[in-house]
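Trainee: Please find entry33.txt (compact mmCIF, N, CA and C atoms) on the next line:
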```
# COMPACT_ATOMS: atom_id res chain seq x y z
N MET A 1 -50.61 -29.89 -33.12
CA MET A 1 -51.13 -30.79 -34.13
C MET A 1 -50.44 -30.47 -35.46
N LYS A 2 -49.92 -31.46 -36.11
CA LYS A 2 -49.19 -31.29 -37.36
C LYS A 2 -50.17 -31.19 -38.52
N ARG A 3 -50.00 -30.18 -39.36
CA ARG A 3 -50.85 -30.03 -40.54
C ARG A 3 -50.26 -30.81 -41.70
N THR A 4 -51.15 -31.45 -42.43
CA THR A 4 -50.73 -32.20 -43.61
C THR A 4 -51.59 -31.79 -44.79
N GLU A 5 -51.19 -32.25 -45.95
CA GLU A 5 -51.99 -32.00 -47.15
C GLU A 5 -53.32 -32.75 -47.05
N PRO A 6 -54.36 -32.23 -47.67
CA PRO A 6 -55.64 -32.94 -47.65
C PRO A 6 -55.52 -34.31 -48.32
N GLN A 7 -56.24 -35.29 -47.78
CA GLN A 7 -56.24 -36.64 -48.33
C GLN A 7 -57.68 -37.07 -48.58
N SER A 8 -57.83 -37.95 -49.56
CA SER A 8 -59.16 -38.50 -49.80
C SER A 8 -59.46 -39.54 -48.72
N VAL A 9 -60.72 -39.88 -48.60
CA VAL A 9 -61.13 -40.88 -47.61
C VAL A 9 -60.46 -42.22 -47.90
N GLY A 10 -60.35 -42.58 -49.19
CA GLY A 10 -59.70 -43.83 -49.58
C GLY A 10 -58.24 -43.87 -49.15
N GLU A 11 -57.53 -42.75 -49.29
CA GLU A 11 -56.14 -42.68 -48.88
C GLU A 11 -56.01 -42.83 -47.37
N VAL A 12 -56.92 -42.22 -46.63
CA VAL A 12 -56.90 -42.32 -45.17
C VAL A 12 -57.15 -43.76 -44.74
N ILE A 13 -58.11 -44.42 -45.38
CA ILE A 13 -58.41 -45.81 -45.03
C ILE A 13 -57.23 -46.71 -45.35
N ASN A 14 -56.62 -46.54 -46.53
CA ASN A 14 -55.45 -47.34 -46.89
C ASN A 14 -54.30 -47.13 -45.91
N GLU A 15 -54.09 -45.90 -45.50
CA GLU A 15 -53.03 -45.60 -44.53
C GLU A 15 -53.32 -46.28 -43.19
N LEU A 16 -54.57 -46.24 -42.76
CA LEU A 16 -54.96 -46.88 -41.51
C LEU A 16 -54.76 -48.40 -41.60
N LEU A 17 -55.15 -49.01 -42.71
CA LEU A 17 -54.97 -50.45 -42.88
C LEU A 17 -53.48 -50.82 -42.82
N ARG A 18 -52.63 -50.04 -43.49
CA ARG A 18 -51.19 -50.30 -43.45
C ARG A 18 -50.65 -50.13 -42.03
N HIS A 19 -51.09 -49.09 -41.36
CA HIS A 19 -50.61 -48.82 -40.00
C HIS A 19 -50.99 -49.94 -39.05
N GLU A 20 -52.16 -50.50 -39.20
CA GLU A 20 -52.63 -51.57 -38.32
C GLU A 20 -52.26 -52.97 -38.84
N HIS A 21 -51.47 -53.02 -39.92
CA HIS A 21 -51.02 -54.28 -40.54
C HIS A 21 -52.19 -55.16 -40.97
N LEU A 22 -53.24 -54.53 -41.46
CA LEU A 22 -54.42 -55.24 -41.95
C LEU A 22 -54.53 -55.21 -43.46
N ASP A 23 -53.57 -54.56 -44.15
CA ASP A 23 -53.68 -54.41 -45.59
C ASP A 23 -53.61 -55.75 -46.32
N THR A 24 -52.79 -56.69 -45.86
CA THR A 24 -52.70 -58.01 -46.50
C THR A 24 -53.99 -58.79 -46.31
N GLU A 25 -54.52 -58.77 -45.10
CA GLU A 25 -55.77 -59.48 -44.82
C GLU A 25 -56.92 -58.89 -45.63
N PHE A 26 -56.95 -57.59 -45.74
CA PHE A 26 -57.99 -56.92 -46.53
C PHE A 26 -57.86 -57.30 -48.01
N ALA A 27 -56.63 -57.34 -48.53
CA ALA A 27 -56.41 -57.72 -49.93
C ALA A 27 -56.81 -59.17 -50.17
N GLU A 28 -56.55 -60.05 -49.22
CA GLU A 28 -56.97 -61.46 -49.35
C GLU A 28 -58.49 -61.56 -49.41
N HIS A 29 -59.16 -60.84 -48.55
CA HIS A 29 -60.63 -60.84 -48.55
C HIS A 29 -61.16 -60.28 -49.87
N ARG A 30 -60.52 -59.25 -50.35
CA ARG A 30 -60.93 -58.65 -51.62
C ARG A 30 -60.75 -59.62 -52.78
N ALA A 31 -59.65 -60.39 -52.78
CA ALA A 31 -59.40 -61.38 -53.83
C ALA A 31 -60.51 -62.44 -53.83
N ALA A 32 -60.91 -62.88 -52.65
CA ALA A 32 -62.00 -63.87 -52.56
C ALA A 32 -63.30 -63.31 -53.11
N MET A 33 -63.56 -62.04 -52.83
CA MET A 33 -64.79 -61.43 -53.30
C MET A 33 -64.76 -61.18 -54.82
N LEU A 34 -63.57 -60.97 -55.38
CA LEU A 34 -63.46 -60.69 -56.81
C LEU A 34 -63.35 -61.95 -57.67
N TRP A 35 -63.36 -63.12 -57.05
CA TRP A 35 -63.28 -64.39 -57.79
C TRP A 35 -64.33 -64.46 -58.88
N SER A 36 -65.57 -64.15 -58.55
CA SER A 36 -66.66 -64.24 -59.53
C SER A 36 -66.45 -63.30 -60.71
N GLN A 37 -65.89 -62.14 -60.47
CA GLN A 37 -65.61 -61.18 -61.54
C GLN A 37 -64.49 -61.69 -62.45
N VAL A 38 -63.49 -62.33 -61.88
CA VAL A 38 -62.33 -62.81 -62.65
C VAL A 38 -62.70 -64.01 -63.51
N VAL A 39 -63.45 -64.97 -62.95
CA VAL A 39 -63.76 -66.19 -63.69
C VAL A 39 -65.03 -66.09 -64.52
N GLY A 40 -65.89 -65.14 -64.21
CA GLY A 40 -67.13 -64.98 -64.96
C GLY A 40 -68.27 -65.82 -64.39
N PRO A 41 -69.49 -65.55 -64.85
CA PRO A 41 -70.67 -66.23 -64.29
C PRO A 41 -70.73 -67.72 -64.60
N GLY A 42 -70.19 -68.15 -65.73
CA GLY A 42 -70.24 -69.57 -66.08
C GLY A 42 -69.50 -70.44 -65.10
N ILE A 43 -68.29 -70.05 -64.76
CA ILE A 43 -67.49 -70.82 -63.80
C ILE A 43 -67.97 -70.56 -62.38
N ASN A 44 -68.35 -69.34 -62.10
CA ASN A 44 -68.80 -69.00 -60.75
C ASN A 44 -70.04 -69.81 -60.35
N ARG A 45 -70.84 -70.20 -61.31
CA ARG A 45 -72.03 -71.00 -61.05
C ARG A 45 -71.68 -72.32 -60.35
N TYR A 46 -70.47 -72.86 -60.63
CA TYR A 46 -70.04 -74.12 -60.04
C TYR A 46 -69.17 -73.94 -58.79
N THR A 47 -68.96 -72.70 -58.40
CA THR A 47 -68.16 -72.41 -57.21
C THR A 47 -69.05 -72.51 -55.97
N ILE A 48 -68.66 -73.40 -55.07
CA ILE A 48 -69.42 -73.59 -53.83
C ILE A 48 -68.93 -72.61 -52.75
N SER A 49 -67.60 -72.53 -52.61
CA SER A 49 -67.03 -71.61 -51.62
C SER A 49 -65.61 -71.25 -52.03
N ARG A 50 -65.12 -70.17 -51.44
CA ARG A 50 -63.75 -69.74 -51.67
C ARG A 50 -63.26 -69.03 -50.41
N ASP A 51 -61.99 -69.25 -50.13
CA ASP A 51 -61.39 -68.67 -48.92
C ASP A 51 -59.91 -68.42 -49.20
N VAL A 52 -59.37 -67.36 -48.61
CA VAL A 52 -57.95 -67.05 -48.78
C VAL A 52 -57.33 -66.89 -47.40
N ARG A 53 -56.23 -67.61 -47.18
CA ARG A 53 -55.47 -67.48 -45.93
C ARG A 53 -54.00 -67.65 -46.24
N GLY A 54 -53.21 -66.70 -45.80
CA GLY A 54 -51.78 -66.78 -45.98
C GLY A 54 -51.34 -66.85 -47.43
N GLY A 55 -52.08 -66.21 -48.31
CA GLY A 55 -51.73 -66.19 -49.73
C GLY A 55 -52.20 -67.39 -50.52
N VAL A 56 -52.89 -68.32 -49.86
CA VAL A 56 -53.40 -69.53 -50.53
C VAL A 56 -54.92 -69.43 -50.63
N MET A 57 -55.43 -69.42 -51.87
CA MET A 57 -56.87 -69.41 -52.09
C MET A 57 -57.34 -70.86 -52.26
N THR A 58 -58.34 -71.23 -51.49
CA THR A 58 -58.95 -72.55 -51.60
C THR A 58 -60.33 -72.37 -52.18
N VAL A 59 -60.58 -73.03 -53.31
CA VAL A 59 -61.86 -72.88 -54.00
C VAL A 59 -62.51 -74.25 -54.11
N ARG A 60 -63.73 -74.36 -53.64
CA ARG A 60 -64.50 -75.61 -53.73
C ARG A 60 -65.36 -75.52 -54.99
N ILE A 61 -65.15 -76.47 -55.91
CA ILE A 61 -65.86 -76.51 -57.19
C ILE A 61 -66.72 -77.77 -57.24
N SER A 62 -67.95 -77.65 -57.70
CA SER A 62 -68.88 -78.79 -57.71
C SER A 62 -68.70 -79.71 -58.90
N SER A 63 -68.01 -79.30 -59.94
CA SER A 63 -67.82 -80.10 -61.14
C SER A 63 -66.37 -80.60 -61.21
N ALA A 64 -66.19 -81.92 -61.25
CA ALA A 64 -64.85 -82.50 -61.30
C ALA A 64 -64.11 -82.12 -62.59
N SER A 65 -64.80 -82.11 -63.71
CA SER A 65 -64.14 -81.77 -64.97
C SER A 65 -63.72 -80.29 -64.99
N LEU A 66 -64.56 -79.42 -64.46
CA LEU A 66 -64.21 -78.00 -64.38
C LEU A 66 -63.05 -77.80 -63.41
N ARG A 67 -63.06 -78.52 -62.30
CA ARG A 67 -61.98 -78.44 -61.31
C ARG A 67 -60.65 -78.79 -61.98
N HIS A 68 -60.64 -79.85 -62.79
CA HIS A 68 -59.42 -80.26 -63.49
C HIS A 68 -58.96 -79.17 -64.48
N GLU A 69 -59.89 -78.61 -65.21
CA GLU A 69 -59.56 -77.56 -66.17
C GLU A 69 -58.99 -76.32 -65.47
N LEU A 70 -59.57 -75.96 -64.33
CA LEU A 70 -59.08 -74.81 -63.58
C LEU A 70 -57.69 -75.08 -63.02
N MET A 71 -57.42 -76.32 -62.61
CA MET A 71 -56.08 -76.67 -62.13
C MET A 71 -55.03 -76.45 -63.22
N MET A 72 -55.41 -76.76 -64.45
CA MET A 72 -54.48 -76.59 -65.57
C MET A 72 -54.22 -75.10 -65.86
N ASN A 73 -55.16 -74.24 -65.51
CA ASN A 73 -55.03 -72.79 -65.76
C ASN A 73 -54.76 -72.00 -64.48
N ARG A 74 -54.22 -72.66 -63.49
CA ARG A 74 -54.00 -72.07 -62.17
C ARG A 74 -53.13 -70.80 -62.23
N GLU A 75 -52.03 -70.84 -62.96
CA GLU A 75 -51.12 -69.68 -63.01
C GLU A 75 -51.79 -68.46 -63.63
N THR A 76 -52.58 -68.69 -64.67
CA THR A 76 -53.30 -67.59 -65.31
C THR A 76 -54.30 -66.97 -64.33
N LEU A 77 -54.99 -67.81 -63.58
CA LEU A 77 -55.96 -67.31 -62.60
C LEU A 77 -55.27 -66.50 -61.49
N ILE A 78 -54.12 -66.99 -61.04
CA ILE A 78 -53.38 -66.26 -60.01
C ILE A 78 -52.98 -64.88 -60.52
N THR A 79 -52.47 -64.84 -61.74
CA THR A 79 -52.07 -63.56 -62.34
C THR A 79 -53.26 -62.61 -62.47
N ARG A 80 -54.38 -63.12 -62.97
CA ARG A 80 -55.56 -62.27 -63.16
C ARG A 80 -56.12 -61.78 -61.83
N LEU A 81 -56.15 -62.64 -60.81
CA LEU A 81 -56.64 -62.23 -59.49
C LEU A 81 -55.74 -61.14 -58.91
N ASN A 82 -54.43 -61.34 -58.97
CA ASN A 82 -53.51 -60.35 -58.42
C ASN A 82 -53.60 -59.03 -59.17
N GLU A 83 -53.77 -59.07 -60.49
CA GLU A 83 -53.93 -57.84 -61.25
C GLU A 83 -55.21 -57.12 -60.86
N THR A 84 -56.28 -57.88 -60.65
CA THR A 84 -57.56 -57.28 -60.28
C THR A 84 -57.50 -56.65 -58.89
N VAL A 85 -56.83 -57.32 -57.95
CA VAL A 85 -56.70 -56.79 -56.59
C VAL A 85 -55.72 -55.62 -56.56
N GLY A 86 -54.69 -55.70 -57.39
CA GLY A 86 -53.71 -54.62 -57.43
C GLY A 86 -52.46 -54.89 -56.61
N SER A 87 -52.30 -56.13 -56.13
CA SER A 87 -51.09 -56.50 -55.39
C SER A 87 -50.90 -58.01 -55.47
N GLU A 88 -49.69 -58.45 -55.14
CA GLU A 88 -49.35 -59.87 -55.18
C GLU A 88 -49.83 -60.55 -53.90
N VAL A 89 -51.13 -60.77 -53.80
CA VAL A 89 -51.69 -61.35 -52.59
C VAL A 89 -51.89 -62.86 -52.70
N ILE A 90 -52.20 -63.36 -53.89
CA ILE A 90 -52.44 -64.79 -54.09
C ILE A 90 -51.15 -65.44 -54.60
N LYS A 91 -50.66 -66.41 -53.85
CA LYS A 91 -49.45 -67.14 -54.23
C LYS A 91 -49.79 -68.51 -54.82
N GLU A 92 -50.90 -69.08 -54.38
CA GLU A 92 -51.28 -70.43 -54.80
C GLU A 92 -52.80 -70.56 -54.75
N ILE A 93 -53.35 -71.42 -55.62
CA ILE A 93 -54.78 -71.74 -55.60
C ILE A 93 -54.92 -73.24 -55.48
N LYS A 94 -55.75 -73.68 -54.54
CA LYS A 94 -56.06 -75.10 -54.38
C LYS A 94 -57.53 -75.29 -54.73
N PHE A 95 -57.81 -76.26 -55.57
CA PHE A 95 -59.19 -76.59 -55.94
C PHE A 95 -59.57 -77.89 -55.27
N ILE A 96 -60.71 -77.88 -54.58
CA ILE A 96 -61.19 -79.09 -53.92
C ILE A 96 -62.62 -79.35 -54.31
```
Written as structure tokens, how would this file's structure read?
Mentor:
Amino acid sequence: MKRTEPQSVGEVINELLRHEHLDTEFAEHRAAMLWSQVVGPGINRYTISRDVRGGVMTVRISSASLRHELMMNRETLITRLNETVGSEVIKEIKFI
């Protein structure tokens, strides 16, 4: 058995996710969960659902005017989500 330096539990989990090629899927799920933190409670109140697949986040918004405003600020939201997650996981956001 090969001895290695001690690792934290978080490091072990991250290594396991990378080894099993689940790190991207985990980051996508994390981005969806962090949506409310990035946009705040005011916008989150109008969010019906959100999903991320293949780098594309689809967000269902109940207000047409808010949906239009969010479309105009799409690049800023992508940047803030990726910064919050810590990796370039979101490539595009679709509002429906």
Trainee: Select from region 6-34 of chain A every residue with an atom at most 9 Å from any atom of region 56-64 of chain A, then for each give the shortest pair of atoms and their distance in Å to one decimal, using only C-alpha atoms, rows by chain and rising number, as a Markdown table.
Mentor:
```
| residue | atom | partner | partner_atom | distance |
| --- | --- | --- | --- | --- |
| A:Glu28 | CA | A:Met57 | CA | 8.4 |
| A:Ala31 | CA | A:Met57 | CA | 8.6 |
| A:Ala32 | CA | A:Met57 | CA | 7.6 |
```
Trainee: Step one, run DSSP on the backbone; step two, keep only residues of chain A assigned to helix (DSSP H, G or I); then write them as number ranges by chain.
Mentor: A: 9-19, 23-44, 64-72, 74-85
Trainee: For Gly86 (chain A), which of A:Ile13, A:Val39, A:Ala27, A:Leu22 is the closest residue, counting only C-alpha atoms?
Mentor: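 For Gly86 (chain A), the nearest of the candidates is A:Ala27.
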Trainee: Ranking A:Arg80, A:Arg45, A:Arg67, A:His29 by minimum distance to Lys94 (chain A) and counting only C-alpha atoms, which one comes first?
Mentor: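 Of A:Arg80, A:Arg45, A:Arg67, A:His29, the one nearest Lys94 (chain A), counting only C-alpha atoms, is A:Arg67.
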Trainee: Figure out the distance between atom C of Lys91 (chain A) and CA of Leu77 (chain A), please, to one decimal in Å.
Mentor: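 Interatomic distance, CA of Leu77 (chain A) to atom C of Lys91 (chain A): 10.0 Å.
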Trainee: When distances are computed from only C-alpha atoms, which of A:Ser87, A:Asn73, A:Asn44, A:Ser65 shows the smallest separation from Phe26 (chain A)?
Mentor: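 Residue with the minimum atom-to-atom distance to Phe26 (chain A): A:Ser87.
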Trainee: Which residue out of A:Ile93, A:Leu34, A:Val9, A:Leu16 has the minimum interatomic distance to Leu81 (chain A) when all atoms listed in the file are used?
Mentor: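 The answer is A:Leu34, which sits nearest to Leu81 (chain A).
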Trainee: So what do you get for CA of Gly55 (chain A) versus CA of Val89 (chain A), distance-wise?
Mentor: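 Interatomic distance, CA of Gly55 (chain A) to CA of Val89 (chain A): 5.6 Å.
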Trainee: Rebuild all heavy atoms on region 19-30 of chain A, as a compact mmCIF listing (two decimals), in the coordinates of the input?
Mentor:
```
# COMPACT_ATOMS: atom_id res chain seq x y z
N HIS A 19 -51.09 -49.09 -41.36
CA HIS A 19 -50.61 -48.82 -40.00
C HIS A 19 -50.99 -49.94 -39.05
O HIS A 19 -50.21 -50.31 -38.16
CB HIS A 19 -51.18 -47.47 -39.51
CG HIS A 19 -50.65 -47.08 -38.17
ND1 HIS A 19 -51.26 -47.46 -37.00
CD2 HIS A 19 -49.56 -46.34 -37.82
CE1 HIS A 19 -50.58 -46.97 -35.99
NE2 HIS A 19 -49.54 -46.28 -36.45
N GLU A 20 -52.16 -50.50 -39.20
CA GLU A 20 -52.63 -51.57 -38.32
C GLU A 20 -52.26 -52.97 -38.84
O GLU A 20 -52.70 -53.97 -38.30
CB GLU A 20 -54.16 -51.48 -38.16
CG GLU A 20 -54.62 -50.21 -37.47
CD GLU A 20 -54.13 -50.09 -36.04
OE1 GLU A 20 -54.06 -51.12 -35.34
OE2 GLU A 20 -53.81 -48.96 -35.62
N HIS A 21 -51.47 -53.02 -39.92
CA HIS A 21 -51.02 -54.28 -40.54
C HIS A 21 -52.19 -55.16 -40.97
O HIS A 21 -52.16 -56.38 -40.85
CB HIS A 21 -50.10 -55.05 -39.59
CG HIS A 21 -48.93 -54.25 -39.12
ND1 HIS A 21 -47.91 -53.89 -39.96
CD2 HIS A 21 -48.65 -53.70 -37.92
CE1 HIS A 21 -47.03 -53.16 -39.28
NE2 HIS A 21 -47.46 -53.01 -38.05
N LEU A 22 -53.24 -54.53 -41.46
CA LEU A 22 -54.42 -55.24 -41.95
C LEU A 22 -54.53 -55.21 -43.46
O LEU A 22 -55.46 -55.78 -44.02
CB LEU A 22 -55.69 -54.64 -41.33
CG LEU A 22 -55.82 -54.75 -39.83
CD1 LEU A 22 -57.04 -53.96 -39.35
CD2 LEU A 22 -55.93 -56.19 -39.40
N ASP A 23 -53.57 -54.56 -44.15
CA ASP A 23 -53.68 -54.41 -45.59
C ASP A 23 -53.61 -55.75 -46.32
O ASP A 23 -54.35 -55.98 -47.28
CB ASP A 23 -52.63 -53.44 -46.13
CG ASP A 23 -51.22 -53.75 -45.67
OD1 ASP A 23 -51.05 -54.48 -44.68
OD2 ASP A 23 -50.28 -53.23 -46.31
N THR A 24 -52.79 -56.69 -45.86
CA THR A 24 -52.70 -58.01 -46.50
C THR A 24 -53.99 -58.79 -46.31
O THR A 24 -54.52 -59.38 -47.25
CB THR A 24 -51.51 -58.81 -45.94
OG1 THR A 24 -50.32 -58.05 -46.14
CG2 THR A 24 -51.38 -60.14 -46.64
N GLU A 25 -54.52 -58.77 -45.10
CA GLU A 25 -55.77 -59.48 -44.82
C GLU A 25 -56.92 -58.89 -45.63
O GLU A 25 -57.75 -59.63 -46.17
CB GLU A 25 -56.08 -59.40 -43.33
CG GLU A 25 -57.26 -60.23 -42.91
CD GLU A 25 -57.48 -60.20 -41.41
OE1 GLU A 25 -56.50 -60.03 -40.66
OE2 GLU A 25 -58.64 -60.33 -40.99
N PHE A 26 -56.95 -57.59 -45.74
CA PHE A 26 -57.99 -56.92 -46.53
C PHE A 26 -57.86 -57.30 -48.01
O PHE A 26 -58.86 -57.59 -48.68
CB PHE A 26 -57.89 -55.40 -46.36
CG PHE A 26 -58.92 -54.65 -47.13
CD1 PHE A 26 -60.24 -54.62 -46.70
CD2 PHE A 26 -58.59 -53.97 -48.29
CE1 PHE A 26 -61.20 -53.91 -47.42
CE2 PHE A 26 -59.53 -53.28 -49.01
CZ PHE A 26 -60.84 -53.24 -48.57
N ALA A 27 -56.63 -57.34 -48.53
CA ALA A 27 -56.41 -57.72 -49.93
C ALA A 27 -56.81 -59.17 -50.17
O ALA A 27 -57.36 -59.49 -51.23
CB ALA A 27 -54.95 -57.49 -50.31
N GLU A 28 -56.55 -60.05 -49.22
CA GLU A 28 -56.97 -61.46 -49.35
C GLU A 28 -58.49 -61.56 -49.41
O GLU A 28 -59.05 -62.28 -50.25
CB GLU A 28 -56.43 -62.29 -48.19
CG GLU A 28 -54.96 -62.53 -48.25
CD GLU A 28 -54.44 -63.33 -47.07
OE1 GLU A 28 -55.15 -63.49 -46.06
OE2 GLU A 28 -53.31 -63.82 -47.17
N HIS A 29 -59.16 -60.84 -48.55
CA HIS A 29 -60.63 -60.84 -48.55
C HIS A 29 -61.16 -60.28 -49.87
O HIS A 29 -62.11 -60.83 -50.45
CB HIS A 29 -61.15 -60.02 -47.37
CG HIS A 29 -62.63 -59.95 -47.29
ND1 HIS A 29 -63.41 -61.03 -46.94
CD2 HIS A 29 -63.49 -58.95 -47.56
CE1 HIS A 29 -64.68 -60.69 -46.99
NE2 HIS A 29 -64.76 -59.42 -47.36
N ARG A 30 -60.52 -59.25 -50.35
CA ARG A 30 -60.93 -58.65 -51.62
C ARG A 30 -60.75 -59.62 -52.78
O ARG A 30 -61.59 -59.71 -53.68
CB ARG A 30 -60.12 -57.38 -51.86
CG ARG A 30 -60.62 -56.56 -52.98
CD ARG A 30 -60.09 -55.13 -52.89
NE ARG A 30 -60.62 -54.42 -54.02
CZ ARG A 30 -59.88 -53.92 -54.99
NH1 ARG A 30 -58.57 -54.02 -54.94
NH2 ARG A 30 -60.44 -53.31 -56.00
```
